[in-house]
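File shown: data35.txt. Contents: compact mmCIF, C-alpha atoms and all ligand atoms.
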```
# COMPACT_ATOMS: atom_id res chain seq x y z
CA MET P 14 17.36 -18.16 -43.25
CA ALA P 15 18.28 -15.74 -45.98
CA GLU P 16 15.05 -13.81 -45.59
CA SER P 17 15.31 -13.26 -41.86
CA SER P 18 18.94 -12.12 -42.14
CA THR P 19 18.03 -9.38 -44.59
CA LEU P 20 15.14 -7.95 -42.58
CA HIS P 21 15.57 -6.33 -39.21
CA PRO P 22 14.27 -8.33 -36.25
CA ILE P 23 11.02 -7.14 -34.69
CA PRO P 24 11.00 -7.53 -30.91
CA TRP P 25 7.83 -8.28 -28.98
CA ALA P 26 8.03 -5.09 -26.95
CA LYS P 27 10.22 -2.02 -26.75
CA PRO P 28 10.00 0.67 -24.12
CA ASP P 29 9.95 4.16 -25.58
CA PHE P 30 11.18 7.18 -23.71
CA TRP P 31 8.87 9.89 -24.82
CA GLY P 32 9.85 12.96 -23.00
CA ARG P 33 11.92 14.14 -20.09
CA GLU P 34 12.92 10.74 -18.64
CA LYS P 35 16.68 11.39 -18.69
CA GLU P 36 16.26 14.89 -17.31
CA TYR P 37 14.01 13.81 -14.43
CA VAL P 38 16.11 10.78 -13.50
CA ALA P 39 19.24 12.98 -13.54
CA ASP P 40 17.40 15.51 -11.41
CA ALA P 41 16.42 12.85 -8.87
CA LEU P 42 20.03 11.67 -8.80
CA SER P 43 21.51 15.09 -8.31
CA SER P 44 18.96 15.88 -5.61
CA THR P 45 20.28 12.79 -3.74
CA TRP P 46 16.62 11.82 -3.14
CA ILE P 47 16.97 8.38 -4.64
CA SER P 48 14.66 6.41 -2.32
CA GLY P 49 11.79 8.69 -1.26
CA GLY P 50 11.26 12.05 -2.94
CA SER P 51 9.01 14.45 -4.75
CA TYR P 52 8.66 12.46 -8.00
CA LEU P 53 6.75 9.82 -6.05
CA ASP P 54 4.19 12.41 -4.95
CA ARG P 55 3.96 13.78 -8.47
CA LEU P 56 3.44 10.35 -9.99
CA GLU P 57 0.87 9.31 -7.39
CA THR P 58 -1.09 12.54 -7.65
CA GLY P 59 -0.94 12.57 -11.45
CA VAL P 60 -2.09 8.98 -11.88
CA ALA P 61 -4.82 9.31 -9.24
CA GLY P 62 -6.23 12.35 -11.05
CA TYR P 63 -5.94 10.83 -14.50
CA LEU P 64 -7.59 7.55 -13.57
CA GLY P 65 -10.14 9.12 -11.23
CA ALA P 66 -8.99 7.13 -8.21
CA PRO P 67 -9.07 8.99 -4.89
CA HIS P 68 -5.88 7.22 -3.77
CA ALA P 69 -2.98 5.88 -5.84
CA LEU P 70 -0.09 4.36 -3.90
CA ALA P 71 3.14 3.65 -5.76
CA VAL P 72 4.75 0.28 -5.06
CA ALA P 73 7.67 -1.87 -6.17
CA ASN P 74 5.76 -3.85 -8.81
CA GLY P 75 2.33 -5.12 -9.85
CA THR P 76 2.67 -8.33 -7.86
CA ALA P 77 3.46 -6.39 -4.69
CA ALA P 78 0.38 -4.28 -5.45
CA ILE P 79 -1.79 -7.41 -5.42
CA HIS P 80 -0.09 -8.62 -2.24
CA LEU P 81 -0.83 -5.26 -0.59
CA ALA P 82 -4.45 -5.37 -1.71
CA TYR P 83 -4.82 -8.80 -0.08
CA LEU P 84 -3.07 -7.61 3.09
CA ALA P 85 -5.31 -4.54 3.22
CA ILE P 86 -8.46 -6.70 3.21
CA ASP P 87 -6.89 -9.05 5.74
CA LEU P 88 -7.06 -12.10 3.48
CA ARG P 89 -6.74 -15.18 5.67
CA PRO P 90 -5.55 -18.75 5.12
CA GLY P 91 -8.44 -20.77 3.73
CA ASP P 92 -10.20 -17.74 2.23
CA GLU P 93 -11.09 -18.18 -1.42
CA VAL P 94 -10.16 -15.71 -4.15
CA VAL P 95 -11.83 -16.03 -7.54
CA VAL P 96 -9.48 -15.39 -10.45
CA PRO P 97 -9.79 -16.00 -14.20
CA GLY P 98 -8.44 -19.27 -15.54
CA PHE P 99 -6.89 -17.38 -18.44
CA CYS P 100 -4.64 -14.48 -17.38
CA PHE P 101 -1.21 -13.73 -16.00
CA LEU P 102 -1.49 -15.67 -12.76
CA ALA P 103 0.00 -13.25 -10.21
CA ALA P 104 -3.33 -12.87 -8.36
CA ALA P 105 -3.60 -16.66 -8.00
CA ASN P 106 0.01 -16.99 -6.89
CA ILE P 107 -0.15 -14.37 -4.16
CA ALA P 108 -3.34 -15.96 -2.86
CA LEU P 109 -1.44 -19.27 -2.62
CA LEU P 110 1.52 -17.56 -1.01
CA MET P 111 -0.77 -16.26 1.74
CA GLY P 112 -2.39 -19.65 2.35
CA ALA P 113 -5.58 -18.62 0.61
CA VAL P 114 -7.19 -20.66 -2.17
CA PRO P 115 -7.36 -19.44 -5.78
CA VAL P 116 -10.60 -20.57 -7.40
CA PHE P 117 -10.57 -20.39 -11.18
CA ALA P 118 -13.45 -19.08 -13.27
CA GLU P 119 -14.07 -19.36 -17.01
CA VAL P 120 -13.49 -16.48 -19.41
CA ASP P 121 -15.64 -15.27 -22.26
CA PRO P 122 -14.54 -16.93 -25.54
CA LYS P 123 -14.41 -13.58 -27.37
CA THR P 124 -13.14 -11.03 -24.83
CA TRP P 125 -10.98 -13.57 -22.93
CA CYS P 126 -12.02 -11.83 -19.72
CA VAL P 127 -13.86 -13.32 -16.77
CA THR P 128 -17.63 -12.74 -16.55
CA ALA P 129 -20.10 -12.30 -13.70
CA GLU P 130 -21.90 -15.54 -14.69
CA ALA P 131 -18.68 -17.53 -14.54
CA ILE P 132 -17.75 -15.95 -11.21
CA GLU P 133 -21.17 -16.71 -9.76
CA ARG P 134 -20.78 -20.38 -10.64
CA VAL P 135 -17.69 -20.72 -8.41
CA LEU P 136 -18.68 -18.55 -5.42
CA SER P 137 -18.83 -20.23 -2.03
CA PRO P 138 -19.36 -19.09 1.56
CA ARG P 139 -15.54 -18.85 1.79
CA THR P 140 -15.17 -16.39 -1.14
CA ARG P 141 -13.49 -13.21 0.20
CA ALA P 142 -12.44 -11.53 -3.01
CA VAL P 143 -12.86 -11.59 -6.77
CA VAL P 144 -10.03 -10.44 -9.03
CA PRO P 145 -11.19 -9.50 -12.53
CA VAL P 146 -8.04 -9.34 -14.66
CA HIS P 147 -8.28 -7.00 -17.66
CA SER P 148 -6.17 -9.06 -20.04
CA TYR P 149 -4.11 -7.45 -22.82
CA GLY P 150 -5.82 -4.07 -22.35
CA ASN P 151 -9.42 -5.24 -22.59
CA SER P 152 -11.84 -4.63 -19.71
CA CYS P 153 -14.03 -7.18 -17.99
CA ASP P 154 -17.72 -6.33 -18.02
CA MET P 155 -17.47 -4.71 -14.60
CA ALA P 156 -21.03 -3.57 -13.81
CA PRO P 157 -22.51 -7.07 -13.27
CA ILE P 158 -19.36 -8.18 -11.44
CA VAL P 159 -19.56 -5.26 -9.01
CA ASP P 160 -23.30 -5.85 -8.48
CA LEU P 161 -22.80 -9.54 -7.83
CA CYS P 162 -20.03 -8.96 -5.30
CA ARG P 163 -21.63 -5.98 -3.55
CA ASP P 164 -24.75 -8.01 -2.81
CA ARG P 165 -22.63 -10.66 -1.13
CA GLY P 166 -20.05 -8.51 0.67
CA ILE P 167 -17.22 -9.79 -1.54
CA VAL P 168 -14.28 -7.46 -2.25
CA VAL P 169 -13.53 -6.66 -5.91
CA ILE P 170 -9.82 -6.19 -6.71
CA GLU P 171 -9.25 -5.30 -10.35
CA ASP P 172 -5.93 -6.39 -11.77
CA ALA P 173 -5.35 -3.58 -14.27
CA ALA P 174 -1.66 -4.35 -14.81
CA GLU P 175 -2.33 -4.73 -18.54
CA SER P 176 -5.03 -2.10 -18.95
CA PHE P 177 -3.60 1.26 -17.87
CA ALA P 178 -5.85 3.99 -19.33
CA THR P 179 -8.45 1.55 -20.68
CA ARG P 180 -11.94 2.82 -19.86
CA TYR P 181 -15.13 0.90 -19.17
CA ARG P 182 -18.27 3.01 -19.53
CA GLY P 183 -16.01 6.05 -19.14
CA GLN P 184 -14.40 4.87 -15.90
CA ALA P 185 -10.74 3.86 -15.83
CA THR P 186 -10.06 0.19 -15.21
CA GLY P 187 -8.52 -0.23 -11.79
CA ALA P 188 -10.67 2.57 -10.37
CA ILE P 189 -13.99 0.70 -10.52
CA GLY P 190 -13.74 -2.00 -7.84
CA ASP P 191 -12.85 -1.65 -4.16
CA LEU P 192 -9.19 -1.83 -5.10
CA GLY P 193 -7.21 -1.84 -8.33
CA THR P 194 -3.63 -2.76 -9.09
CA LEU P 195 -1.29 -1.55 -11.83
CA SER P 196 2.09 -2.66 -13.16
CA PHE P 197 4.80 -0.41 -14.56
CA GLN P 198 7.05 -3.29 -15.69
CA ALA P 199 9.22 -2.64 -18.74
CA THR P 200 6.70 -3.70 -21.39
CA LYS P 201 3.73 -1.92 -19.86
CA THR P 202 1.91 1.17 -21.17
CA ILE P 203 3.79 3.35 -18.68
CA THR P 204 7.01 1.96 -17.28
CA THR P 205 9.35 2.55 -14.39
CA GLY P 206 11.44 -0.57 -15.22
CA GLU P 207 9.68 -2.44 -12.44
CA GLY P 208 6.90 -0.76 -10.50
CA GLY P 209 3.22 -0.63 -9.80
CA MET P 210 0.40 1.01 -7.89
CA VAL P 211 -2.55 0.22 -5.69
CA LEU P 212 -5.67 2.28 -6.38
CA THR P 213 -8.58 2.64 -4.01
CA ALA P 214 -11.48 4.83 -2.99
CA ARG P 215 -11.82 2.94 0.29
CA GLU P 216 -10.58 5.29 3.00
CA ASP P 217 -10.56 2.40 5.48
CA LEU P 218 -7.90 0.58 3.42
CA VAL P 219 -5.48 3.39 2.61
CA GLU P 220 -3.59 3.44 5.87
CA LYS P 221 -3.22 -0.33 5.89
CA ILE P 222 -1.72 -0.22 2.41
CA ARG P 223 0.71 2.48 3.50
CA LEU P 224 1.63 0.49 6.59
CA TYR P 225 2.25 -2.83 4.85
CA ARG P 226 4.08 -1.02 2.04
CA SER P 227 6.68 0.33 4.43
CA HIS P 228 7.67 -2.04 7.23
CA GLY P 229 4.42 -1.56 9.15
CA MET P 230 5.95 1.68 10.33
CA LEU P 231 4.24 5.02 9.70
CA ARG P 232 4.27 7.28 12.75
CA THR P 233 7.35 6.57 14.81
CA ARG P 234 10.56 5.37 13.24
CA TYR P 235 11.43 1.83 14.32
CA MET P 236 8.01 1.30 15.91
CA HIS P 237 6.10 -1.32 13.91
CA ASP P 238 2.30 -1.42 14.01
CA VAL P 239 2.14 -4.54 11.83
CA ALA P 240 4.65 -6.97 10.35
CA GLY P 241 5.00 -5.14 7.06
CA HIS P 242 7.02 -5.45 3.91
CA ASN P 243 9.19 -2.99 2.03
CA PHE P 244 7.21 -2.67 -1.21
CA ARG P 245 8.15 0.93 -1.96
CA LEU P 246 8.87 2.35 -5.40
CA THR P 247 11.97 4.57 -5.52
CA ASN P 248 12.07 8.23 -6.41
CA LEU P 249 14.47 7.37 -9.25
CA GLN P 250 11.88 5.03 -10.75
CA ALA P 251 9.11 7.53 -10.13
CA ALA P 252 11.13 10.17 -12.01
CA LEU P 253 11.14 7.86 -15.03
CA GLY P 254 7.45 7.09 -14.58
CA TYR P 255 6.45 10.69 -14.16
CA ALA P 256 8.16 11.68 -17.41
CA GLN P 257 6.21 8.92 -19.14
CA PHE P 258 2.98 9.91 -17.44
CA GLU P 259 3.39 13.51 -18.66
CA ARG P 260 3.12 12.10 -22.20
CA ILE P 261 0.18 9.79 -21.52
CA ASP P 262 -1.98 11.38 -24.21
CA ASP P 263 0.72 10.74 -26.82
CA ILE P 264 1.18 7.18 -25.60
CA VAL P 265 -2.55 6.47 -25.73
CA ALA P 266 -2.78 7.97 -29.23
CA ALA P 267 0.19 5.93 -30.43
CA ARG P 268 -1.29 2.71 -29.04
CA ALA P 269 -4.60 3.52 -30.74
CA ARG P 270 -2.73 4.02 -34.01
CA MET P 271 -0.98 0.68 -33.53
CA MET P 272 -4.34 -1.02 -32.90
CA ALA P 273 -5.80 0.56 -36.04
CA LEU P 274 -2.83 -0.64 -38.11
CA TYR P 275 -3.31 -4.19 -36.91
CA ARG P 276 -7.06 -4.00 -37.60
CA GLU P 277 -6.39 -2.84 -41.13
CA HIS P 278 -3.73 -5.46 -41.88
CA LEU P 279 -5.70 -8.30 -40.27
CA ARG P 280 -8.98 -7.36 -41.95
CA ASP P 281 -8.93 -9.97 -44.67
CA VAL P 282 -6.81 -12.61 -43.02
CA GLY P 283 -9.33 -15.37 -42.32
CA GLU P 284 -8.98 -17.77 -39.42
CA VAL P 285 -7.03 -15.26 -37.32
CA THR P 286 -9.36 -13.59 -34.84
CA PRO P 287 -8.27 -10.64 -32.73
CA GLN P 288 -9.50 -10.20 -29.15
CA TYR P 289 -12.99 -8.70 -29.07
CA PHE P 290 -13.75 -5.38 -27.36
CA ALA P 291 -17.33 -4.66 -26.31
CA GLN P 292 -19.05 -1.32 -26.97
CA ASP P 293 -18.61 -0.37 -23.31
CA VAL P 294 -14.85 -0.61 -23.57
CA ASP P 295 -12.44 2.03 -24.82
CA PRO P 296 -9.27 -0.04 -24.87
CA VAL P 297 -5.67 1.05 -24.61
CA LEU P 298 -3.90 -2.08 -25.73
CA TRP P 299 -0.97 -3.43 -23.79
CA ALA P 300 -0.71 -6.29 -26.27
CA VAL P 301 -2.22 -7.38 -29.57
CA ALA P 302 -3.42 -10.92 -29.16
CA VAL P 303 -5.00 -13.09 -31.85
CA ARG P 304 -6.58 -16.51 -31.79
CA ILE P 305 -5.68 -18.82 -34.67
CA ASP P 306 -8.10 -21.43 -35.99
CA PRO P 307 -6.54 -24.87 -35.52
CA LYS P 308 -8.13 -26.07 -38.79
CA ALA P 309 -6.19 -23.49 -40.79
CA PHE P 310 -3.06 -23.90 -38.66
CA PRO P 311 -2.98 -27.68 -38.04
CA GLN P 312 0.73 -27.53 -37.14
CA GLY P 313 -0.30 -25.89 -33.86
CA ARG P 314 0.34 -22.55 -32.19
CA ASP P 315 3.89 -23.29 -31.00
CA ALA P 316 4.99 -24.38 -34.47
CA VAL P 317 3.45 -21.22 -35.96
CA MET P 318 5.37 -19.11 -33.46
CA ALA P 319 8.60 -20.92 -34.34
CA GLN P 320 7.99 -20.36 -38.06
CA VAL P 321 7.28 -16.69 -37.50
CA ALA P 322 10.44 -16.43 -35.38
CA GLU P 323 12.43 -17.72 -38.38
CA LEU P 324 11.26 -14.59 -40.15
CA GLY P 325 12.73 -12.43 -37.40
CA ILE P 326 9.52 -11.74 -35.51
CA GLU P 327 9.23 -12.34 -31.78
CA THR P 328 5.82 -13.41 -30.47
CA ARG P 329 4.51 -14.79 -27.19
CA PRO P 330 2.04 -17.55 -26.43
CA GLY P 331 -1.25 -16.95 -24.62
CA PHE P 332 -1.07 -17.43 -20.85
CA TYR P 333 -0.99 -21.07 -19.80
CA PRO P 334 -4.03 -22.15 -17.83
CA PRO P 335 -3.68 -23.41 -14.24
CA THR P 336 -4.55 -26.91 -15.47
CA ALA P 337 -1.13 -26.93 -17.22
CA MET P 338 0.51 -26.67 -13.77
CA PRO P 339 -1.36 -29.28 -11.71
CA ASP P 340 1.29 -29.48 -8.97
CA LEU P 341 0.82 -25.80 -8.23
CA TYR P 342 -2.93 -25.60 -8.84
CA PRO P 343 -4.47 -28.97 -8.09
CA GLY P 344 -7.79 -29.68 -9.77
CA PRO P 345 -10.37 -30.46 -10.70
CA ILE P 346 -10.67 -27.13 -12.51
CA ASP P 347 -13.35 -26.83 -15.15
CA ILE P 348 -12.09 -24.21 -17.62
CA SER P 349 -12.30 -25.60 -21.14
CA VAL P 350 -12.74 -22.15 -22.72
CA CYS P 351 -9.60 -20.87 -20.97
CA GLU P 352 -7.72 -23.93 -22.19
CA ALA P 353 -8.79 -23.43 -25.80
CA VAL P 354 -8.02 -19.69 -25.74
CA SER P 355 -4.64 -20.43 -24.21
CA ARG P 356 -3.81 -23.10 -26.81
CA GLU P 357 -4.77 -20.95 -29.80
CA THR P 358 -3.53 -17.51 -28.80
CA ILE P 359 -0.46 -15.74 -30.16
CA VAL P 360 0.51 -12.34 -28.85
CA LEU P 361 2.05 -10.20 -31.56
CA PRO P 362 4.70 -7.48 -31.25
CA CYS P 363 3.12 -4.36 -29.87
CA TYR P 364 4.79 -1.11 -29.05
CA PRO P 365 3.75 2.36 -30.07
CA THR P 366 6.57 3.02 -32.51
CA LEU P 367 5.77 0.02 -34.71
CA ILE P 368 5.23 1.26 -38.23
CA SER P 369 2.74 0.11 -40.84
CA ASP P 370 5.35 -1.82 -42.86
CA GLU P 371 6.36 -3.76 -39.78
CA VAL P 372 2.76 -4.59 -38.88
CA GLY P 373 2.29 -5.69 -42.50
CA ARG P 374 5.36 -7.93 -42.23
CA ILE P 375 4.10 -9.48 -38.98
CA VAL P 376 0.64 -10.21 -40.37
CA GLU P 377 2.07 -11.57 -43.63
CA ALA P 378 4.40 -13.86 -41.66
CA LEU P 379 1.37 -15.22 -39.85
CA ARG P 380 -0.73 -15.56 -42.97
CA ARG P 381 2.01 -17.58 -44.68
CA GLN P 382 1.79 -20.30 -42.03
CA LYS P 383 -1.80 -21.16 -42.98
CA LYS P 384 -2.18 -24.60 -44.58
C1 LIG L 401 -2.33 -9.15 -15.25
C2 LIG L 401 -1.01 -9.00 -14.54
N1 LIG L 401 -1.02 -8.96 -13.20
C3 LIG L 401 0.11 -8.78 -12.51
C4 LIG L 401 1.31 -8.68 -13.14
C5 LIG L 401 2.54 -8.55 -12.32
O1 LIG L 401 3.11 -7.30 -12.46
P1 LIG L 401 4.65 -7.10 -12.16
O2 LIG L 401 5.42 -7.79 -13.24
O3 LIG L 401 4.83 -5.63 -12.17
O4 LIG L 401 4.94 -7.68 -10.81
C6 LIG L 401 1.38 -8.73 -14.54
C7 LIG L 401 2.59 -8.66 -15.34
O5 LIG L 401 3.59 -8.33 -15.29
C8 LIG L 401 0.18 -8.90 -15.25
O6 LIG L 401 0.19 -8.96 -16.59
```
Let me see the structure of the file written as structure tokens.
Amino acid sequence: MAESSTLHPIPWAKPDFWGREKEYVADALSSTWISGGSYLDRLETGVAGYLGAPHALAVANGTAAIHLAYLAIDLRPGDEVVVPGFCFLAAANIALLMGAVPVFAEVDPKTWCVTAEAIERVLSPRTRAVVPVHSYGNSCDMAPIVDLCRDRGIVVIEDAAESFATRYRGQATGAIGDLGTLSFQATKTITTGEGGMVLTAREDLVEKIRLYRSHGMLRTRYMHDVAGHNFRLTNLQAALGYAQFERIDDIVAARARMMALYREHLRDVGEVTPQYFAQDVDPVLWAVAVRIDPKAFPQGRDAVMAQVAELGIETRPGFYPPTAMPDLYPGPIDISVCEAVSRETIVLPCYPTLISDEVGRIVEALRRQKK
């Protein structure tokens, strides 16, 4: 289309290198410490301090972090793990991979995060763990979830892959439950290309995480205490991540500015509702997600995305619910709110260097699709 060819394309995400990334990666290279090395310690110590987690263990990616959390609590075949029915489904998939059973809970229709009430409805004597997923940078209402699980001896593993630096009642997401997991994948708030972390205050779990992270081998080389994985992050990646982490305040400020721009531009666009953030939550957005009213957009979400793409703007759909993949997640699963949120959600371009004109263009492209 003539219009899209004259305007520059706007990608959905774009990693920004804020500071000394090249210098630190070159330093790691020239040191020859490309697997282990001092940037790993610096990244782990820095993130632990910043998030207020006594232990932060760097790993290969956010999915490996969830896998390690499950291994650390000795999740067994047949154990049940409660996960939201609307989220990126890594926590459900790793449960399945380990022979455990993901049990899906409803989300709140405004925050799109799982609630204590919804979790309580699906608990059973086999529930071992609950995984609140802090979608798009929001935070689940953690206090009632922690209370509910503590009373019953259920482990809380926060999936904070999308909510690095988001705070709930002043505490960092990921550092509230027994364990927390982070992702440093390319689109995330801090990136190492691929990467992640496990956070915990539970001293009894730290050694297990270290063991499973590195071949089950900690004390004597080639002596394995458990059948472990290699889920380590490299020093090269940590060098990149540490340079990003050094600029975390700038990154958080830029993401807040981006959120404010969207708020301003979306203010008088009816029938497009952004994700809701409760008073208790100080969000650092990974993504800007909006829910479109099907009455105003009768052509449907996918058609709207296609029309917006014609104008050079890349968007993503909301996460598909497990009921869309019945072979993988057999039902019955009662999650009508998750299904509606999924159907009506569009995730807009979101990276800290987006400028006001671009946000205006994105919102205008969306507005134009209203019937
Ligand atoms: C909520 C959530 N959990 C887990 C993951 C998996 O992280 P990774 O891609 O680093 O394996 C992601 C996304 O990437 C995610 O969004």
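Counting only C-alpha atoms, P:Ile158 has the following residues at most 9 Å away, ignoring those fewer than 2 positions along the same chain: Thr128, Ala129, Glu130, Ile132, Glu133, Val143, Pro145, Cys153, Asp154, Met155, Ala156, Asp160, Leu161, Cys162, Arg163 and Val169 of chain P.
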Expected answer as a ChimeraX atom specification: residues within 9 Å of ligand LIG 401 (chain L), all atoms listed in the file: /P:73-79,100-104,146-149,172-176,194-201,206-209
Contacts of stretch 46-52 of chain P at 7 Å (all atoms listed in the file; same-chain gap of 3+ positions) as a PyMOL selection string: chain P and resi 41-42+55-56+247-249+251-252+255
Those residues you just picked out, can you put them in a file as a PDB file, keeping the file's coordinate frame with C-alpha atoms?
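What ended up in selection.pdb:
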```
ATOM      1  CA  ALA P  41      16.420  12.850  -8.870  1.00  0.00           C
ATOM      2  CA  LEU P  42      20.030  11.670  -8.800  1.00  0.00           C
ATOM      3  CA  ARG P  55       3.960  13.780  -8.470  1.00  0.00           C
ATOM      4  CA  LEU P  56       3.440  10.350  -9.990  1.00  0.00           C
ATOM      5  CA  THR P 247      11.970   4.570  -5.520  1.00  0.00           C
ATOM      6  CA  ASN P 248      12.070   8.230  -6.410  1.00  0.00           C
ATOM      7  CA  LEU P 249      14.470   7.370  -9.250  1.00  0.00           C
ATOM      8  CA  ALA P 251       9.110   7.530 -10.130  1.00  0.00           C
ATOM      9  CA  ALA P 252      11.130  10.170 -12.010  1.00  0.00           C
ATOM     10  CA  TYR P 255       6.450  10.690 -14.160  1.00  0.00           C
TER      11      TYR P 255
END
```
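Minimum atom-to-atom distances from P:Ala319, P:Ala85, P:Val219, P:Val376 to P:Gly283 were compared using only C-alpha atoms, and the lowest value belongs to P:Val376.
For the pair atom CA of P:Phe99 and atom CA of P:Ala337, the interatomic distance is 11.2 Å.
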Selection: 10 Å around P:Ile305, all atoms listed in the file, excl. self and same-chain fewer than 4 positions, as a PyMOL selection string: chain P and resi 283-287+309-311+313-314+317+354+356-359+379+383
Write a file of the just-selected residues containing C-alpha atoms, as an mmCIF file, keeping the file's coordinate frame.
```
data_model
loop_
_atom_site.group_PDB
_atom_site.id
_atom_site.type_symbol
_atom_site.label_atom_id
_atom_site.label_comp_id
_atom_site.auth_asym_id
_atom_site.auth_seq_id
_atom_site.Cartn_x
_atom_site.Cartn_y
_atom_site.Cartn_z
ATOM 1 C CA GLY P 283 -9.330 -15.370 -42.320
ATOM 2 C CA GLU P 284 -8.980 -17.770 -39.420
ATOM 3 C CA VAL P 285 -7.030 -15.260 -37.320
ATOM 4 C CA THR P 286 -9.360 -13.590 -34.840
ATOM 5 C CA PRO P 287 -8.270 -10.640 -32.730
ATOM 6 C CA ALA P 309 -6.190 -23.490 -40.790
ATOM 7 C CA PHE P 310 -3.060 -23.900 -38.660
ATOM 8 C CA PRO P 311 -2.980 -27.680 -38.040
ATOM 9 C CA GLY P 313 -0.300 -25.890 -33.860
ATOM 10 C CA ARG P 314 0.340 -22.550 -32.190
ATOM 11 C CA VAL P 317 3.450 -21.220 -35.960
ATOM 12 C CA VAL P 354 -8.020 -19.690 -25.740
ATOM 13 C CA ARG P 356 -3.810 -23.100 -26.810
ATOM 14 C CA GLU P 357 -4.770 -20.950 -29.800
ATOM 15 C CA THR P 358 -3.530 -17.510 -28.800
ATOM 16 C CA ILE P 359 -0.460 -15.740 -30.160
ATOM 17 C CA LEU P 379 1.370 -15.220 -39.850
ATOM 18 C CA LYS P 383 -1.800 -21.160 -42.980
#
```
7 Å contact set for P:Gly190, all atoms listed in the file, chain neighbours under 4 positions out, as a PyMOL selection string: chain P and resi 159+169-171
Point-to-point distance in Å for atom CA of P:Ala69 and atom CA of P:Arg232: 20.0 Å
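The spacing separating atom CA of P:Leu224 from atom CA of P:Leu192 amounts to 16.1 Å.
Among the candidates P:Leu361, P:Ala131, P:Ile23, P:Val303, the residue lying nearest to P:Tyr289 is P:Val303 (atoms considered: all atoms listed in the file).
For the set P:Arg215, P:Lys123, P:Arg180, P:Arg89, the residue with the smallest atom-to-atom gap to P:Thr140 is P:Arg89, counting only C-alpha atoms.
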Using the atoms already present, construct N, CA and C atoms for stretch 113-126 of chain P and hand them back as a PDB file, in the frame of the given file.
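Once written, part_30.pdb looks like this:
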```pdb
ATOM      1  N   ALA P 113      -4.198 -18.684   1.091  1.00  0.00           N
ATOM      2  CA  ALA P 113      -5.580 -18.620   0.610  1.00  0.00           C
ATOM      3  C   ALA P 113      -5.713 -19.562  -0.599  1.00  0.00           C
ATOM      4  N   VAL P 114      -6.926 -19.666  -1.121  1.00  0.00           N
ATOM      5  CA  VAL P 114      -7.190 -20.660  -2.170  1.00  0.00           C
ATOM      6  C   VAL P 114      -7.660 -19.950  -3.443  1.00  0.00           C
ATOM      7  N   PRO P 115      -6.857 -20.007  -4.517  1.00  0.00           N
ATOM      8  CA  PRO P 115      -7.360 -19.440  -5.780  1.00  0.00           C
ATOM      9  C   PRO P 115      -8.412 -20.365  -6.375  1.00  0.00           C
ATOM     10  N   VAL P 116      -9.519 -19.794  -6.780  1.00  0.00           N
ATOM     11  CA  VAL P 116     -10.600 -20.570  -7.400  1.00  0.00           C
ATOM     12  C   VAL P 116     -10.760 -20.002  -8.811  1.00  0.00           C
ATOM     13  N   PHE P 117     -10.654 -20.885  -9.809  1.00  0.00           N
ATOM     14  CA  PHE P 117     -10.570 -20.390 -11.180  1.00  0.00           C
ATOM     15  C   PHE P 117     -11.935 -20.361 -11.860  1.00  0.00           C
ATOM     16  N   ALA P 118     -12.190 -19.248 -12.555  1.00  0.00           N
ATOM     17  CA  ALA P 118     -13.450 -19.080 -13.270  1.00  0.00           C
ATOM     18  C   ALA P 118     -13.172 -18.993 -14.771  1.00  0.00           C
ATOM     19  N   GLU P 119     -14.176 -19.383 -15.544  1.00  0.00           N
ATOM     20  CA  GLU P 119     -14.070 -19.360 -17.010  1.00  0.00           C
ATOM     21  C   GLU P 119     -13.986 -17.914 -17.534  1.00  0.00           C
ATOM     22  N   VAL P 120     -13.458 -17.774 -18.744  1.00  0.00           N
ATOM     23  CA  VAL P 120     -13.490 -16.480 -19.410  1.00  0.00           C
ATOM     24  C   VAL P 120     -14.457 -16.539 -20.590  1.00  0.00           C
ATOM     25  N   ASP P 121     -14.802 -15.365 -21.074  1.00  0.00           N
ATOM     26  CA  ASP P 121     -15.640 -15.270 -22.260  1.00  0.00           C
ATOM     27  C   ASP P 121     -14.797 -15.668 -23.492  1.00  0.00           C
ATOM     28  N   PRO P 122     -15.356 -16.466 -24.403  1.00  0.00           N
ATOM     29  CA  PRO P 122     -14.540 -16.930 -25.540  1.00  0.00           C
ATOM     30  C   PRO P 122     -14.127 -15.827 -26.504  1.00  0.00           C
ATOM     31  N   LYS P 123     -14.784 -14.658 -26.441  1.00  0.00           N
ATOM     32  CA  LYS P 123     -14.410 -13.580 -27.370  1.00  0.00           C
ATOM     33  C   LYS P 123     -13.532 -12.517 -26.708  1.00  0.00           C
ATOM     34  N   THR P 124     -13.914 -12.111 -25.492  1.00  0.00           N
ATOM     35  CA  THR P 124     -13.140 -11.030 -24.830  1.00  0.00           C
ATOM     36  C   THR P 124     -11.951 -11.578 -24.060  1.00  0.00           C
ATOM     37  N   TRP P 125     -12.005 -12.895 -23.715  1.00  0.00           N
ATOM     38  CA  TRP P 125     -10.980 -13.570 -22.930  1.00  0.00           C
ATOM     39  C   TRP P 125     -10.879 -12.993 -21.514  1.00  0.00           C
ATOM     40  N   CYS P 126     -11.952 -12.370 -21.084  1.00  0.00           N
ATOM     41  CA  CYS P 126     -12.020 -11.830 -19.720  1.00  0.00           C
ATOM     42  C   CYS P 126     -13.078 -12.591 -18.936  1.00  0.00           C
TER      43      CYS P 126
END
```
